[in-house]
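Step one of this worksheet: look at the structure below.
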Amino acid sequence: MTDAPALPASDARARRNVIVLVAAQAILGAQLSMVFIVAGLAGQTLAPNPCWATLPITLAVTGSMLSATPLSALMQRFGRRAGFVLGALAGAAGAGVCAVGLMEGSFGLFLAGSGLTGIYMSAQGFYRFAAADTASESFRPKAISWVMAGGLLSAVLGPQVVKLTAQAMVVPFLGTYLAAIALNLGGMLLFGFLDIPRPAPPRPGAATGRSRRQLIRDPRIAVAVTCATVSYALMNLVMTSSPLAVVGCGFQTSDAADVVTAHVLAMYGPSFVTGHIIARIGVEKVMAIGLAILAASGAVALSGVELEHFFAALVLLGLGWNFGFIGATAMLASAHAPEERGRIQGLNDLIVFAGVASASVASGGLMNCTGGSVQAGWQAVNLAMLPFLVLAGGALIWLALRPRDA
């Protein structure tokens, strides 16, 4: 009997890195669900106008958008570890400023802290790309999926922390932000175990790859960016409003936390198999399935406002995001050369989070300032998904019909 072939050295290293990144996704990623549960509710108590309730989430996403390109360039020069440590420190600082804003009753300080939190969000978004850095082409989709699957633990941890801390102090939600500081500082230590070589500086005269303009005109890159933006923005649009809708329809903050828990579990749970599905049926089909599930989520949300409707709609929203966003990430990761990594990954996340920021602004306005009731606002949020699903679906159809050699 012959021995089984050894894993390629790159995949042995990649698997070790995946373990570190899964742990980081679980611990540091818990902050993301915590912010989405409480930021809108806290904003509703601090904002001078209820239409601005989701502005803290918008500022967080805007901070992520603005820091994506500089963080990508920093990691291209100094390595992934430097960028991830910086992100965790910014997350701790942002949570600290938000805590001060809550204690002082200052909406401005709360917004400033939310903006700093965006740097953490941007750094966390690069975990999926870091998983692909040392992986072979065959292992790459699985590495991305497994790192995203680390969000399962964060899906449980984050909302449970909210339940324990949201009303634990005299100032509502203060305990949640103090817990976020601890998560950032503790999770940051994981990056000492990360083993991703720092990119070698380009040699004089060496190929530097395509410019950003050339990259974004590549059909597969353009479609990947479009579908990633639509998947993430629509997920944010609906999830940002869901705690406001759940509480506004007469349920408790703990019910909103449970709905978000189910949603985030659905976001990350399929990640154990998404990479295998991509390898089996192709990335384009997986992305198309994701868009169809997002459409189904909107249909369920429009059918009623009982607690089971919120659970079903948010679970479908998470599943659709998983297929659409991981599929788009895998497509993007296979469409550029190593020397183009810093440019296209930073540009991709800049565009994605610009879309997400726009969605979070729209979410609060649609939810609180249309139709005159919570139910009407929730309907408006879900109806707003339709044109963007048509856009992304059309982009996929265009790519499928396009000649392969064109």
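Labeling convention for the structure tokens: chains A, B, ... as they appear, residues from 1 per chain, ligands from 1 in order of appearance.
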Exercise for the section: Could you find all residues in stretch 87-150 of chain A that DSSP calls alpha helix (DSSP H) from the backbone, and write them as a VMD selection string? Expected result: chain A and resid 87 to 104 107 to 125 127 to 133 140 to 149
Taking only C-alpha atoms into account, produce a table as JSON lines in which each residue of stretch 164-244 of chain A with an atom at most 12 Å from an atom of stretch 128-141 of chain A appears once, together with its shortest atom pair and the distance in Å to one decimal, ordered by chain and rising number.
```
{"residue": "A:Phe191", "atom": "CA", "partner": "A:Ala130", "partner_atom": "CA", "distance": 11.7}
{"residue": "A:Leu194", "atom": "CA", "partner": "A:Ala130", "partner_atom": "CA", "distance": 9.8}
{"residue": "A:Asp195", "atom": "CA", "partner": "A:Thr134", "partner_atom": "CA", "distance": 9.0}
{"residue": "A:Ile196", "atom": "CA", "partner": "A:Thr134", "partner_atom": "CA", "distance": 6.9}
{"residue": "A:Pro197", "atom": "CA", "partner": "A:Thr134", "partner_atom": "CA", "distance": 8.5}
{"residue": "A:Arg198", "atom": "CA", "partner": "A:Asp133", "partner_atom": "CA", "distance": 10.4}
{"residue": "A:Pro199", "atom": "CA", "partner": "A:Asp133", "partner_atom": "CA", "distance": 10.0}
```
Problem - Within 9 Å of stretch 326-343 of chain A using only C-alpha atoms, minus same-chain residues under 2 positions, as number ranges by chain - result: A: 69, 72-77, 128-129, 132-133, 137, 140-141, 144-145, 148, 199, 202, 207-212, 215, 218, 220-228, 271, 274-275, 278, 282-287, 290, 321-324, 345-348
Once you have the residues from the selection above, write them out as a short mmCIF file (atom, residue, chain, number, x, y, z; two decimals), in the first residue's frame, restricted to C-alpha atoms.
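Below is the file that was written, again-v7.cif:
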```
data_model
loop_
_atom_site.label_atom_id
_atom_site.label_comp_id
_atom_site.auth_asym_id
_atom_site.auth_seq_id
_atom_site.Cartn_x
_atom_site.Cartn_y
_atom_site.Cartn_z
CA THR A 69 -7.76 51.12 -0.02
CA SER A 72 -4.94 47.11 1.38
CA ALA A 73 -1.89 49.18 0.41
CA LEU A 74 -0.51 48.89 3.96
CA MET A 75 -0.89 45.10 3.90
CA GLN A 76 0.69 44.90 0.45
CA ARG A 77 3.74 46.67 1.86
CA ARG A 128 -11.22 36.11 3.42
CA PHE A 129 -8.52 37.34 1.04
CA ALA A 132 -6.42 32.70 -0.21
CA ASP A 133 -2.90 34.18 -0.06
CA GLU A 137 -5.93 27.23 -6.72
CA ARG A 140 -8.64 28.56 -2.42
CA PRO A 141 -12.49 28.44 -2.49
CA ILE A 144 -12.28 31.32 1.85
CA SER A 145 -15.40 29.39 2.84
CA MET A 148 -16.23 32.75 6.54
CA PRO A 199 4.82 40.54 -0.23
CA PRO A 202 8.70 44.81 -6.85
CA ALA A 207 5.83 43.39 -14.14
CA THR A 208 3.48 45.36 -11.89
CA GLY A 209 0.25 44.10 -13.42
CA ARG A 210 -2.75 46.00 -14.68
CA SER A 211 -3.88 49.40 -13.51
CA ARG A 212 -7.07 49.78 -11.46
CA LEU A 215 -8.67 45.61 -13.73
CA ASP A 218 -12.05 42.89 -16.89
CA ARG A 220 -15.11 38.68 -14.56
CA ILE A 221 -13.78 41.27 -12.12
CA ALA A 222 -16.56 43.73 -13.00
CA VAL A 223 -19.26 41.11 -12.46
CA ALA A 224 -17.64 39.85 -9.25
CA VAL A 225 -17.51 43.38 -7.82
CA THR A 226 -21.11 44.09 -8.91
CA CYS A 227 -22.50 40.94 -7.33
CA ALA A 228 -20.45 41.34 -4.15
CA SER A 271 -19.68 28.26 4.45
CA THR A 274 -20.07 26.68 -0.17
CA GLY A 275 -16.53 26.09 -1.43
CA ILE A 278 -18.53 26.20 -6.09
CA GLY A 282 -19.28 26.60 -10.80
CA VAL A 283 -19.07 30.01 -9.20
CA GLU A 284 -21.56 31.68 -11.56
CA LYS A 285 -24.38 29.27 -10.64
CA VAL A 286 -23.68 29.68 -6.93
CA MET A 287 -23.90 33.47 -7.27
CA GLY A 290 -27.61 33.55 -3.92
CA TRP A 321 -25.61 36.72 1.16
CA ASN A 322 -23.43 33.66 1.75
CA PHE A 323 -23.79 32.28 -1.77
CA GLY A 324 -23.66 35.66 -3.48
CA GLN A 345 -8.80 43.97 -3.35
CA GLY A 346 -8.71 47.51 -2.01
CA LEU A 347 -10.76 48.79 -4.95
CA ASN A 348 -13.26 45.96 -4.54
#
```
What's the 8 Å shell around stretch 370-381 of chain A, counting only C-alpha atoms, without same-chain residues fewer than 3 positions away, as a CSV table (one decimal) with N, CA, C and O atoms, in the first residue's frame?
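result_30.csv, written as the output of this step:
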```
chain,number,residue,atom,x,y,z
A,237,LEU,N,-28.9,46.5,4.1
A,237,LEU,CA,-30.1,47.3,4.0
A,237,LEU,C,-31.2,46.7,4.9
A,237,LEU,O,-31.8,47.4,5.7
A,238,VAL,N,-31.4,45.4,4.8
A,238,VAL,CA,-32.5,44.7,5.5
A,238,VAL,C,-32.1,44.5,7.0
A,238,VAL,O,-32.9,44.7,7.9
A,241,SER,N,-32.3,47.5,9.4
A,241,SER,CA,-33.6,47.9,9.8
A,241,SER,C,-34.3,46.8,10.7
A,241,SER,O,-35.3,47.1,11.4
A,245,ALA,N,-37.5,47.2,13.2
A,245,ALA,CA,-38.8,46.6,12.8
A,245,ALA,C,-39.3,45.7,13.8
A,245,ALA,O,-40.5,45.7,14.2
A,248,GLY,N,-40.2,47.7,16.9
A,248,GLY,CA,-41.4,48.6,16.5
A,248,GLY,C,-42.7,47.8,16.3
A,248,GLY,O,-43.7,48.4,16.5
A,249,CYS,N,-42.6,46.5,16.1
A,249,CYS,CA,-43.8,45.7,15.9
A,249,CYS,C,-44.3,45.1,17.2
A,249,CYS,O,-45.1,44.2,17.2
A,301,ALA,N,-40.5,38.7,3.8
A,301,ALA,CA,-40.7,39.9,4.6
A,301,ALA,C,-41.9,40.7,4.3
A,301,ALA,O,-42.6,41.2,5.2
A,302,LEU,N,-42.3,40.7,3.0
A,302,LEU,CA,-43.5,41.4,2.6
A,302,LEU,C,-44.8,40.7,2.9
A,302,LEU,O,-45.8,41.3,2.9
A,305,VAL,N,-45.6,40.5,9.4
A,305,VAL,CA,-44.7,41.1,10.4
A,305,VAL,C,-44.8,40.3,11.7
A,305,VAL,O,-44.6,40.9,12.8
A,363,SER,N,-31.6,52.7,4.7
A,363,SER,CA,-32.3,51.8,5.6
A,363,SER,C,-33.0,52.6,6.6
A,363,SER,O,-34.2,52.4,6.9
A,365,GLY,N,-33.8,55.8,6.6
A,365,GLY,CA,-34.8,56.7,6.0
A,365,GLY,C,-36.0,56.0,5.6
A,365,GLY,O,-37.2,56.4,5.8
A,366,LEU,N,-35.8,54.8,4.9
A,366,LEU,CA,-37.0,54.0,4.5
A,366,LEU,C,-37.8,53.5,5.7
A,366,LEU,O,-39.0,53.5,5.7
A,367,MET,N,-37.1,53.1,6.7
A,367,MET,CA,-37.7,52.4,7.9
A,367,MET,C,-38.5,53.4,8.7
A,367,MET,O,-39.7,53.2,9.1
A,384,ALA,N,-37.2,47.9,-1.9
A,384,ALA,CA,-36.0,48.6,-2.4
A,384,ALA,C,-35.0,47.6,-3.0
A,384,ALA,O,-34.1,47.9,-3.7
A,385,MET,N,-35.1,46.3,-2.6
A,385,MET,CA,-34.1,45.3,-3.0
A,385,MET,C,-34.2,45.0,-4.5
A,385,MET,O,-33.3,44.7,-5.2
```
Practice task
Would you mind telling me which residue in A:Ala82, A:Leu55, A:Ala166, A:Ala95 lies nearest to A:Phe107 when using only C-alpha atoms?
Solution key: A:Leu55
Handout entry: Near-A:Met103 list (12 Å; only C-alpha atoms; drop same-chain fewer than 4 positions) as a PyMOL selection string
Key = chain A and resi 42+46+96-99+107+109-110+169-175+177-178
Could you write out the selected residues, including C-alpha atoms, as a JSON list (two decimals), in the first residue's frame?
```json
[["chain", "number", "residue", "atom", "x", "y", "z"],
["A", 42, "ALA", "CA", -28.74, 53.44, 20.57],
["A", 46, "LEU", "CA", -29.40, 59.77, 20.87],
["A", 96, "GLY", "CA", -14.29, 53.30, 23.62],
["A", 97, "VAL", "CA", -15.39, 56.53, 21.93],
["A", 98, "CYS", "CA", -18.91, 55.12, 21.49],
["A", 99, "ALA", "CA", -18.97, 54.27, 25.21],
["A", 107, "PHE", "CA", -24.72, 61.69, 19.26],
["A", 109, "LEU", "CA", -19.21, 61.30, 19.80],
["A", 110, "PHE", "CA", -21.19, 58.14, 19.16],
["A", 169, "MET", "CA", -25.51, 49.24, 33.36],
["A", 170, "VAL", "CA", -27.46, 52.37, 34.14],
["A", 171, "VAL", "CA", -26.65, 53.69, 30.66],
["A", 172, "PRO", "CA", -28.29, 51.36, 28.10],
["A", 173, "PHE", "CA", -25.86, 49.62, 25.72],
["A", 174, "LEU", "CA", -22.76, 50.93, 27.52],
["A", 175, "GLY", "CA", -21.84, 47.43, 28.70],
["A", 177, "TYR", "CA", -19.38, 48.64, 23.92],
["A", 178, "LEU", "CA", -17.13, 47.91, 26.90]]
```
Exercise for the section: Choose the residue, out of A:Ala354, A:Leu234, A:Cys369, A:Ala39, that has the smallest atom-to-atom separation from A:Met65; count only C-alpha atoms. Expected result: A:Ala354
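Closest approach to A:Ala47 from the set A:Ala292, A:Val85, A:Leu102, A:Ala12 is made by A:Leu102, with distances taken over only C-alpha atoms.
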Exercise for the section: Please indicate the distance in Å from atom CA of A:Leu152 to atom CA of A:Phe126, rounded to one decimal place. Expected result: 17.6 Å
